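A quick write-up on the structure given underneath.
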Amino acid sequence: MNEADFAALVAATKETLQRVADQFAPAVFASSLAAEDMVLTDMILRDKLPISIFTLETGRLHAETLSVLDRIKETYDYEVELYRPQPEAVEAYVQQNGLNAFYESVDMRKECCRIRKVEPLNRALAGKHAWVTGQRRAQSTTRAALDVQEQDDAHAMTKFNPLADWSEEDVWHYIRSNHVPYNSLHDKGYPSIGCEPCTRAIQPGEDVRAGRWWWENPESKECGLHVVDGKLIRIKPVATNA
């Protein structure tokens with residue numbers, strides 16, 4: 001992509017974020033603190049958009065991921081809000097199944113994700129009119145049909161994926177051009193980063209999300225944040241003239 005096309009891509013993404021801020025307040029950005037999310041963090045905070053930013057602190061994140069919170073504070077003077085799982089739910093899961101029971105089956109893994117991610121997400125989205133994600137179509141087969149704007153019936157709100165059209169190269173071009181801080185695990189072969197026991201580095205040529213839940217089939221590799229009853233919830237793209 002040449003610089004003119006990239007500038008147009010950035011402008012379109014910023015237009016989407018501005019529309020979220022203007023038409024869907026209160027809105028929130030759910031950040032995983034990964035590269036894509038740092039692009040959106042930079043755009044939101046540099047343009048001082050009234051979109052709050054939160055992350056799901058599952059209790060099993062890499063130290064490198066948590067250190068990104070400090071980098072955001074240092075760079076933008078902004079504190080990302082943390083949503084944590086209910087301690088009693090985590091304790092019950094561990095007592096009944098073991099600390100790493102998610103390796104045993106997809107159902108056990110999804111239950112862990114439900115406790116550590118989905119339930120906290122529901123609290124984070126309560127009372128909001130829209131939420132923003134860093135998802136991209138190029139990330140995996142489960143996201144190939146992603147739209148920039150969708151109706152999220154599960155949470156009764158509008159969902160935005162402003163980077164849906166971005167490639168991996170676009171993400172890193174923006175980060176390097178704008179000196180955006182990022183998770184150091186990206187330099188160690190981790191293009192997609194989740195909880196520490198569920199994430200590994202990938203090999204050359206592998207899908208960017210191959211390191212997430214690497215013991216499962218690609219079709220099951222979603223944590224539940226973007227699915228309902230086993231189905232991806234991005235099924236209702238919203239037409240817009242913006």
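Ordered as shown in the structure tokens, chains take letters A, B, and onward, while each chain numbers its residues from 1 and ligands are numbered from 1 in the order shown.
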Please identify every residue of stretch 82-178 of chain A that has at least one atom no farther than 9 Å from an atom of stretch 22-29 of chain A, counting only C-alpha atoms, and for each give the shortest atom pair and the distance in Å to one decimal, arranged by chain then increasing number, as a tab-separated table.
```
residue	atom	partner	partner_atom	distance
A:Ala124	CA	A:Val28	CA	8.3
A:Leu125	CA	A:Val28	CA	7.4
A:Gly127	CA	A:Pro26	CA	7.9
A:Lys128	CA	A:Pro26	CA	5.2
A:His129	CA	A:Phe24	CA	5.5
A:Ala130	CA	A:Ala27	CA	4.8
A:Trp131	CA	A:Val28	CA	4.9
A:Val132	CA	A:Phe29	CA	4.5
A:Thr133	CA	A:Phe29	CA	6.1
A:Gly134	CA	A:Phe29	CA	8.6
A:Thr158	CA	A:Phe24	CA	8.1
```
Just C-alpha atoms for this one: save the residues we selected as a JSON list (two decimals), in the first residue's frame.
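The result, written out as out_35.json:
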```json
[["chain", "number", "residue", "atom", "x", "y", "z"],
["A", 124, "ALA", "CA", -17.75, -3.20, 31.30],
["A", 125, "LEU", "CA", -20.41, -2.75, 28.61],
["A", 127, "GLY", "CA", -25.04, 1.16, 30.25],
["A", 128, "LYS", "CA", -23.02, 1.85, 27.07],
["A", 129, "HIS", "CA", -24.43, 2.54, 23.61],
["A", 130, "ALA", "CA", -21.52, 1.13, 21.59],
["A", 131, "TRP", "CA", -18.26, -0.70, 21.95],
["A", 132, "VAL", "CA", -15.13, -0.68, 19.84],
["A", 133, "THR", "CA", -12.78, -3.60, 19.17],
["A", 134, "GLY", "CA", -9.42, -4.06, 17.42],
["A", 158, "THR", "CA", -23.75, -1.24, 18.22]]
```
What lies within 12 Å of A:Arg60 using only C-alpha atoms, ignoring chain neighbours under 5 positions off, as a PyMOL selection string? chain A and resi 65-66+84-85+90+99-100+112-113+116-117+193-199
Within 9 Å of A:Trp215 using only C-alpha atoms, minus same-chain residues under 3 positions, as number ranges by chain: A: 103, 211-212
Within 12 Å of A:Lys48, counting only C-alpha atoms, which residues show up once you throw out same-chain ones fewer than 4 positions away? Write them as a VMD selection string, please. chain A and resid 14 17 to 18 21 40 to 44 52 to 53 76 to 78
Saved selection, atoms kept: C-alpha atoms, as a PDB file, in the first residue's frame:
```pdb
ATOM      1  CA  LYS A  14     -10.449   8.144  12.441  1.00  0.00           C
ATOM      2  CA  LEU A  17     -13.980   6.676  15.728  1.00  0.00           C
ATOM      3  CA  GLN A  18     -15.242  10.247  15.535  1.00  0.00           C
ATOM      4  CA  ALA A  21     -17.840   9.494  19.798  1.00  0.00           C
ATOM      5  CA  LEU A  40      -6.798   2.557  18.264  1.00  0.00           C
ATOM      6  CA  THR A  41      -5.566   3.683  21.684  1.00  0.00           C
ATOM      7  CA  ASP A  42      -3.215   6.131  19.978  1.00  0.00           C
ATOM      8  CA  MET A  43      -5.971   7.515  17.756  1.00  0.00           C
ATOM      9  CA  ILE A  44      -8.476   7.865  20.582  1.00  0.00           C
ATOM     10  CA  SER A  52     -13.227   5.314  27.465  1.00  0.00           C
ATOM     11  CA  ILE A  53     -10.734   2.452  27.314  1.00  0.00           C
ATOM     12  CA  TYR A  76      -0.632   9.501  27.044  1.00  0.00           C
ATOM     13  CA  ASP A  77      -1.182  10.267  30.743  1.00  0.00           C
ATOM     14  CA  TYR A  78      -4.176   7.928  30.681  1.00  0.00           C
TER      15      TYR A  78
END
```
Write out as a PyMOL selection string the set of residues from stretch 16-229 of chain A that DSSP, computed on the backbone, places in strand (DSSP E). chain A and resi 27-30+51-56+81-83+130-132+149-152+157-160+227-228
Write the residues of the selection above to a file with N, CA and C atoms, as a PDB file, in the first residue's frame.
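Okay, this is what ended up in result_10.pdb:
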```
ATOM      1  N   ALA A  27     -19.609   5.473  24.776  1.00  0.00           N
ATOM      2  CA  ALA A  27     -19.001   4.343  24.078  1.00  0.00           C
ATOM      3  C   ALA A  27     -17.695   3.965  24.757  1.00  0.00           C
ATOM      4  N   VAL A  28     -17.303   2.691  24.591  1.00  0.00           N
ATOM      5  CA  VAL A  28     -16.072   2.202  25.218  1.00  0.00           C
ATOM      6  C   VAL A  28     -15.262   1.398  24.214  1.00  0.00           C
ATOM      7  N   PHE A  29     -13.982   1.364  24.440  1.00  0.00           N
ATOM      8  CA  PHE A  29     -13.068   0.569  23.628  1.00  0.00           C
ATOM      9  C   PHE A  29     -12.525  -0.563  24.482  1.00  0.00           C
ATOM     10  N   ALA A  30     -12.762  -1.796  24.037  1.00  0.00           N
ATOM     11  CA  ALA A  30     -12.264  -2.977  24.738  1.00  0.00           C
ATOM     12  C   ALA A  30     -10.892  -3.334  24.196  1.00  0.00           C
ATOM     13  N   ILE A  51     -14.089   8.429  24.266  1.00  0.00           N
ATOM     14  CA  ILE A  51     -14.323   6.988  24.245  1.00  0.00           C
ATOM     15  C   ILE A  51     -13.437   6.395  25.333  1.00  0.00           C
ATOM     16  N   SER A  52     -14.037   5.860  26.372  1.00  0.00           N
ATOM     17  CA  SER A  52     -13.227   5.314  27.465  1.00  0.00           C
ATOM     18  C   SER A  52     -12.607   3.986  27.051  1.00  0.00           C
ATOM     19  N   ILE A  53     -11.488   3.652  27.659  1.00  0.00           N
ATOM     20  CA  ILE A  53     -10.734   2.452  27.314  1.00  0.00           C
ATOM     21  C   ILE A  53     -10.631   1.551  28.539  1.00  0.00           C
ATOM     22  N   PHE A  54     -10.932   0.270  28.326  1.00  0.00           N
ATOM     23  CA  PHE A  54     -10.775  -0.696  29.405  1.00  0.00           C
ATOM     24  C   PHE A  54     -10.097  -1.951  28.867  1.00  0.00           C
ATOM     25  N   THR A  55      -9.583  -2.750  29.776  1.00  0.00           N
ATOM     26  CA  THR A  55      -9.039  -4.055  29.411  1.00  0.00           C
ATOM     27  C   THR A  55      -9.510  -5.083  30.416  1.00  0.00           C
ATOM     28  N   LEU A  56      -9.547  -6.332  29.997  1.00  0.00           N
ATOM     29  CA  LEU A  56      -9.952  -7.433  30.863  1.00  0.00           C
ATOM     30  C   LEU A  56      -8.700  -8.026  31.502  1.00  0.00           C
ATOM     31  N   GLU A  81      -8.913   1.449  32.365  1.00  0.00           N
ATOM     32  CA  GLU A  81      -9.712   0.832  33.424  1.00  0.00           C
ATOM     33  C   GLU A  81      -9.600  -0.689  33.338  1.00  0.00           C
ATOM     34  N   LEU A  82      -9.478  -1.341  34.489  1.00  0.00           N
ATOM     35  CA  LEU A  82      -9.324  -2.787  34.538  1.00  0.00           C
ATOM     36  C   LEU A  82     -10.609  -3.449  35.042  1.00  0.00           C
ATOM     37  N   TYR A  83     -11.032  -4.486  34.316  1.00  0.00           N
ATOM     38  CA  TYR A  83     -12.151  -5.306  34.768  1.00  0.00           C
ATOM     39  C   TYR A  83     -11.629  -6.709  35.036  1.00  0.00           C
ATOM     40  N   ALA A 130     -22.337   1.780  22.621  1.00  0.00           N
ATOM     41  CA  ALA A 130     -21.523   1.130  21.594  1.00  0.00           C
ATOM     42  C   ALA A 130     -20.199   0.709  22.193  1.00  0.00           C
ATOM     43  N   TRP A 131     -19.611  -0.320  21.558  1.00  0.00           N
ATOM     44  CA  TRP A 131     -18.260  -0.699  21.950  1.00  0.00           C
ATOM     45  C   TRP A 131     -17.402  -0.888  20.721  1.00  0.00           C
ATOM     46  N   VAL A 132     -16.113  -0.653  20.909  1.00  0.00           N
ATOM     47  CA  VAL A 132     -15.126  -0.680  19.838  1.00  0.00           C
ATOM     48  C   VAL A 132     -14.162  -1.819  20.106  1.00  0.00           C
ATOM     49  N   GLN A 149     -19.026  -1.873  11.122  1.00  0.00           N
ATOM     50  CA  GLN A 149     -20.112  -1.572  12.048  1.00  0.00           C
ATOM     51  C   GLN A 149     -21.122  -2.709  12.030  1.00  0.00           C
ATOM     52  N   GLU A 150     -21.497  -3.166  13.229  1.00  0.00           N
ATOM     53  CA  GLU A 150     -22.412  -4.289  13.353  1.00  0.00           C
ATOM     54  C   GLU A 150     -23.400  -4.057  14.484  1.00  0.00           C
ATOM     55  N   GLN A 151     -24.505  -4.738  14.419  1.00  0.00           N
ATOM     56  CA  GLN A 151     -25.454  -4.709  15.531  1.00  0.00           C
ATOM     57  C   GLN A 151     -25.190  -5.904  16.432  1.00  0.00           C
ATOM     58  N   ASP A 152     -24.834  -5.635  17.659  1.00  0.00           N
ATOM     59  CA  ASP A 152     -24.549  -6.669  18.645  1.00  0.00           C
ATOM     60  C   ASP A 152     -25.810  -6.889  19.478  1.00  0.00           C
ATOM     61  N   MET A 157     -26.489  -3.328  21.648  1.00  0.00           N
ATOM     62  CA  MET A 157     -25.784  -2.103  21.298  1.00  0.00           C
ATOM     63  C   MET A 157     -25.093  -2.267  19.951  1.00  0.00           C
ATOM     64  N   THR A 158     -24.498  -1.204  19.469  1.00  0.00           N
ATOM     65  CA  THR A 158     -23.748  -1.242  18.221  1.00  0.00           C
ATOM     66  C   THR A 158     -22.288  -1.538  18.518  1.00  0.00           C
ATOM     67  N   LYS A 159     -21.689  -2.322  17.643  1.00  0.00           N
ATOM     68  CA  LYS A 159     -20.296  -2.727  17.802  1.00  0.00           C
ATOM     69  C   LYS A 159     -19.501  -2.241  16.598  1.00  0.00           C
ATOM     70  N   PHE A 160     -18.322  -1.685  16.856  1.00  0.00           N
ATOM     71  CA  PHE A 160     -17.481  -1.161  15.789  1.00  0.00           C
ATOM     72  C   PHE A 160     -16.134  -1.876  15.770  1.00  0.00           C
ATOM     73  N   VAL A 227     -18.988 -14.210  20.501  1.00  0.00           N
ATOM     74  CA  VAL A 227     -19.881 -15.302  20.127  1.00  0.00           C
ATOM     75  C   VAL A 227     -21.029 -15.404  21.119  1.00  0.00           C
ATOM     76  N   VAL A 228     -22.136 -15.975  20.633  1.00  0.00           N
ATOM     77  CA  VAL A 228     -23.290 -16.244  21.477  1.00  0.00           C
ATOM     78  C   VAL A 228     -23.822 -17.613  21.111  1.00  0.00           C
TER      79      VAL A 228
END
```
Would you please extract all alpha helix (DSSP H) residues from stretch 25-220 of chain A, as assigned by DSSP on the backbone, and give them as an MDAnalysis selection string? chainID A and resid 35:46 63:76 87:97 106:113 119:125 168:177
Selection from above, C-alpha atoms, as an mmCIF file, in the first residue's frame, can you write it?
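Once written, out.cif looks like this:
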```cif
data_model
loop_
_atom_site.group_PDB
_atom_site.id
_atom_site.type_symbol
_atom_site.label_atom_id
_atom_site.label_comp_id
_atom_site.auth_asym_id
_atom_site.auth_seq_id
_atom_site.Cartn_x
_atom_site.Cartn_y
_atom_site.Cartn_z
ATOM 1 C CA ALA A 35 -0.726 -4.119 18.503
ATOM 2 C CA GLU A 36 -4.095 -3.445 16.852
ATOM 3 C CA ASP A 37 -5.487 -2.108 20.079
ATOM 4 C CA MET A 38 -2.527 0.214 20.525
ATOM 5 C CA VAL A 39 -3.269 1.743 17.124
ATOM 6 C CA LEU A 40 -6.798 2.557 18.264
ATOM 7 C CA THR A 41 -5.566 3.683 21.684
ATOM 8 C CA ASP A 42 -3.215 6.131 19.978
ATOM 9 C CA MET A 43 -5.971 7.515 17.756
ATOM 10 C CA ILE A 44 -8.476 7.865 20.582
ATOM 11 C CA LEU A 45 -6.110 9.501 23.046
ATOM 12 C CA ARG A 46 -4.212 11.748 20.640
ATOM 13 C CA ALA A 63 3.912 -9.585 32.655
ATOM 14 C CA GLU A 64 4.790 -7.987 29.312
ATOM 15 C CA THR A 65 1.112 -7.364 28.628
ATOM 16 C CA LEU A 66 0.532 -5.739 31.999
ATOM 17 C CA SER A 67 3.559 -3.519 31.448
ATOM 18 C CA VAL A 68 1.761 -1.965 28.477
ATOM 19 C CA LEU A 69 -0.563 -0.291 30.973
ATOM 20 C CA ASP A 70 2.410 1.616 32.367
ATOM 21 C CA ARG A 71 3.542 2.563 28.854
ATOM 22 C CA ILE A 72 0.098 4.000 28.098
ATOM 23 C CA LYS A 73 0.187 6.015 31.311
ATOM 24 C CA GLU A 74 3.674 7.332 30.522
ATOM 25 C CA THR A 75 2.919 8.170 26.886
ATOM 26 C CA TYR A 76 -0.632 9.501 27.044
ATOM 27 C CA PRO A 87 -12.894 -14.101 42.662
ATOM 28 C CA GLU A 88 -15.480 -16.607 43.865
ATOM 29 C CA ALA A 89 -16.144 -17.810 40.301
ATOM 30 C CA VAL A 90 -12.431 -18.310 39.643
ATOM 31 C CA GLU A 91 -11.989 -20.131 42.943
ATOM 32 C CA ALA A 92 -14.920 -22.454 42.248
ATOM 33 C CA TYR A 93 -13.626 -23.320 38.773
ATOM 34 C CA VAL A 94 -10.135 -24.084 40.056
ATOM 35 C CA GLN A 95 -11.382 -26.127 43.017
ATOM 36 C CA GLN A 96 -13.735 -28.210 40.868
ATOM 37 C CA ASN A 97 -11.566 -28.636 37.779
ATOM 38 C CA VAL A 106 -13.037 -26.894 24.391
ATOM 39 C CA ASP A 107 -15.948 -26.707 26.820
ATOM 40 C CA MET A 108 -13.632 -26.401 29.819
ATOM 41 C CA ARG A 109 -11.581 -23.768 28.045
ATOM 42 C CA LYS A 110 -14.681 -21.762 27.107
ATOM 43 C CA GLU A 111 -15.923 -21.921 30.692
ATOM 44 C CA CYS A 112 -12.624 -20.475 31.865
ATOM 45 C CA CYS A 113 -12.937 -17.731 29.248
ATOM 46 C CA GLU A 119 -18.616 -11.924 32.542
ATOM 47 C CA PRO A 120 -16.232 -8.988 33.152
ATOM 48 C CA LEU A 121 -16.932 -7.754 29.602
ATOM 49 C CA ASN A 122 -20.649 -7.699 30.322
ATOM 50 C CA ARG A 123 -19.999 -5.496 33.335
ATOM 51 C CA ALA A 124 -17.751 -3.205 31.298
ATOM 52 C CA LEU A 125 -20.409 -2.751 28.609
ATOM 53 C CA GLU A 168 -0.802 -6.763 9.645
ATOM 54 C CA GLU A 169 1.555 -4.535 7.654
ATOM 55 C CA ASP A 170 -0.797 -1.563 8.024
ATOM 56 C CA VAL A 171 -0.867 -1.997 11.798
ATOM 57 C CA TRP A 172 2.906 -2.022 12.123
ATOM 58 C CA HIS A 173 3.389 0.812 9.672
ATOM 59 C CA TYR A 174 1.161 2.985 11.836
ATOM 60 C CA ILE A 175 2.909 1.927 15.055
ATOM 61 C CA ARG A 176 6.371 2.654 13.705
ATOM 62 C CA SER A 177 5.417 5.869 11.930
#
```
